[in-house]
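Novice: Below is a structure I'd like to ask you about.
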Amino acid sequence: MIEWSPEKIKGFQKALLNWYDQNKRDLPWRVDHDPYHVWISEIMLQQTQVQTVIPYYQRFMKLFPTVGQLAKADESVLLKAWEGLGYYSRARHLQTAARQIVTDYGGQWPQTIDGLKSLSGVGPYTAGAIASIAFNQPVPAVDGNAFRVFSRLFKIDADIAKPQTRHLFEKVIQNVISRDRPGDFNQAIMDLGASYMSAKNPDTVHSPVKQFDQAYLDGEEDKYPVKSKKKRPVQVNYFGLIIHSSKGFLFEQRPSDGILSHFLMFPLIKADELDNQKRSVQKISSDEIIDTIFQSWVSTYQLQLIDLAFVDSQKVSHTFTHQKWQITLLEATLPSNSDLSYFPGKWVPQDQFSTIAFSKVQSKMWAAYQQKIPKTN
DNA sequence: TAATCGTGGGT
DNA sequence: TACCCAAGATT
């Protein structure tokens, strides 16, 4: 890693902020520096592209214009507004934090890094972003853009995939951030990282700070940032049960932890658990699958599925960050007066589907069941 | 610490 | 396809 003189730091700040003043992106959360606006946008933007967030942000602000209204909102309405954004715990943390602000902080925003980090779902990056943008504090906001930009400027070869590395970047940024315009400085880095200094096909030759980009000057920008590779998703096979009655379709409430926690979905059964119930390592036949599911539901939920059969369609496939699901659909009916006391779910009439937040994979199952055509992502 | 948590877009 | 990336936080 290289060092910069005070003169070089001043020159960098000037070049960066001059460029930002002329070329900053016109984004809906940049109309002011309201901490509520900054906060909502930063949470939505976590691991999510700007163009995806824009319509969600605009709808969100119409639904929940203030932190107080977010605090007292129905969680089902909130999750419906978040539908499709993913990482749904962000939405739950959002409301938890809104209630923290209203109750713990008397409606007044904490303005320190530690105070902001005490809010649910607000970590080091988001706290830095709010503190600098909304409260004009000279603190770093180390996101993926900052990692990429500063690793190239300073030729930092620390692995940005390791949590510890953030501290190193915070020290570097603390030394070069504009004391006069910290919020604009951090946002300028983000705009730079999203344009001339993007991850793929960077256009450094036209970058406003190319003369400060040591990796570029040395012809080594393709070496930065250093980032270790992620593991590939593991495949998990499921059977998905489309169960209907005159009351609608049977939805199962997923557990409070793990992927898609709390979501209502068509009941899913892990294929290997079904195999275990048969105490067999070998794959079981179609008849045995139906028989085993039927008996499992009788013993577990005291529910008797009628006409349980495979849906004549391709498997539903969906890939998450760490899991690849392959779902084989089955269909059954259940008497509408069935006792659901032992079942963690409820009947949902079809005309109420639009009021419930569907995960992407749930939407795929429903589409496959309705259309009986192949569905993949 | 390393693993986990969704989805859409691009190559 | 398979893989990577996108304004990260939590446990």
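Here's how to read the names in the structure tokens: chain A, B, ... by the order shown, residue numbers from 1 in each chain, ligand numbers from 1 in the order shown.
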Please determine the contact residues of chain B with respect to chain A at a cut-off of 7 Å, counting only C-alpha atoms (C1' of nucleotides), and supply them as a PyMOL selection string.
Specialist: chain B and resi 5-7
Novice: For a quick test of understanding: name the residues of chain A lying within 8 Å of chain C when counting only C-alpha atoms (C1' of nucleotides), and present them as a VMD selection string.
Specialist: chain A and resid 42 45 to 49 121 to 123 125 143 to 145 190 199
Novice: Please run DSSP on the backbone and report, as a ChimeraX atom specification, all residues within stretch 142-373 of chain A that come out as strand (DSSP E or B).
Specialist: /A:234-245,248-253,264-265,268-270,306-310,316-319,323-333,345-348
Novice: What parts of stretch 153-361 of chain A does DSSP call alpha helix (DSSP H)? I'd like the answer as a VMD selection string.
Specialist: chain A and resid 153 165 to 176 182 to 193 214 to 217 271 to 277 286 to 301 360 to 361
Novice: Find the residue from A:His318, A:Lys117, A:Arg152, A:Lys346 that sits nearest to A:His244; use only C-alpha atoms when measuring.
Specialist: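 Once distances to A:His244 are computed over only C-alpha atoms, the minimum belongs to A:Lys346.
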Novice: How far is it from atom CA of A:Phe266 to atom CA of A:His93, in Å with one decimal?
Specialist: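 Taking atom CA of A:Phe266 and atom CA of A:His93, their separation equals 25.2 Å.
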Novice: Near A:Asp351, within 12 Å and counting only C-alpha atoms (C1' of nucleotides), which residues show up once chain neighbours fewer than 3 positions away are dropped, as a ChimeraX atom specification?
Specialist: /A:247-249,347-348,354-356
Novice: Would you put the residues from that selection into a file with N, CA and C atoms, as a compact mmCIF listing (two decimals), in the first residue's frame?
Specialist:
```
# COMPACT_ATOMS: atom_id res chain seq x y z
N LYS A 247 -62.05 -23.52 1.00
CA LYS A 247 -61.57 -22.34 1.73
C LYS A 247 -60.35 -21.70 1.06
N GLY A 248 -59.84 -22.35 0.02
CA GLY A 248 -58.68 -21.79 -0.65
C GLY A 248 -57.53 -22.78 -0.68
N PHE A 249 -56.32 -22.25 -0.55
CA PHE A 249 -55.13 -23.10 -0.59
C PHE A 249 -54.44 -23.10 0.79
N TRP A 347 -55.60 -21.64 5.77
CA TRP A 347 -56.18 -21.54 4.43
C TRP A 347 -56.06 -20.11 3.93
N VAL A 348 -55.73 -19.95 2.67
CA VAL A 348 -55.67 -18.63 2.06
C VAL A 348 -56.50 -18.66 0.77
N SER A 354 -52.89 -11.68 -3.36
CA SER A 354 -52.20 -10.42 -3.66
C SER A 354 -51.93 -9.60 -2.41
N THR A 355 -52.52 -9.98 -1.29
CA THR A 355 -52.29 -9.24 -0.04
C THR A 355 -51.16 -9.83 0.79
N ILE A 356 -50.66 -10.99 0.35
CA ILE A 356 -49.60 -11.68 1.08
C ILE A 356 -48.30 -11.57 0.31
```
Novice: Rounded to one decimal in Å, what is the spacing between atom CA of A:Met197 and atom CA of A:Leu116?
Specialist: 29.2 Å
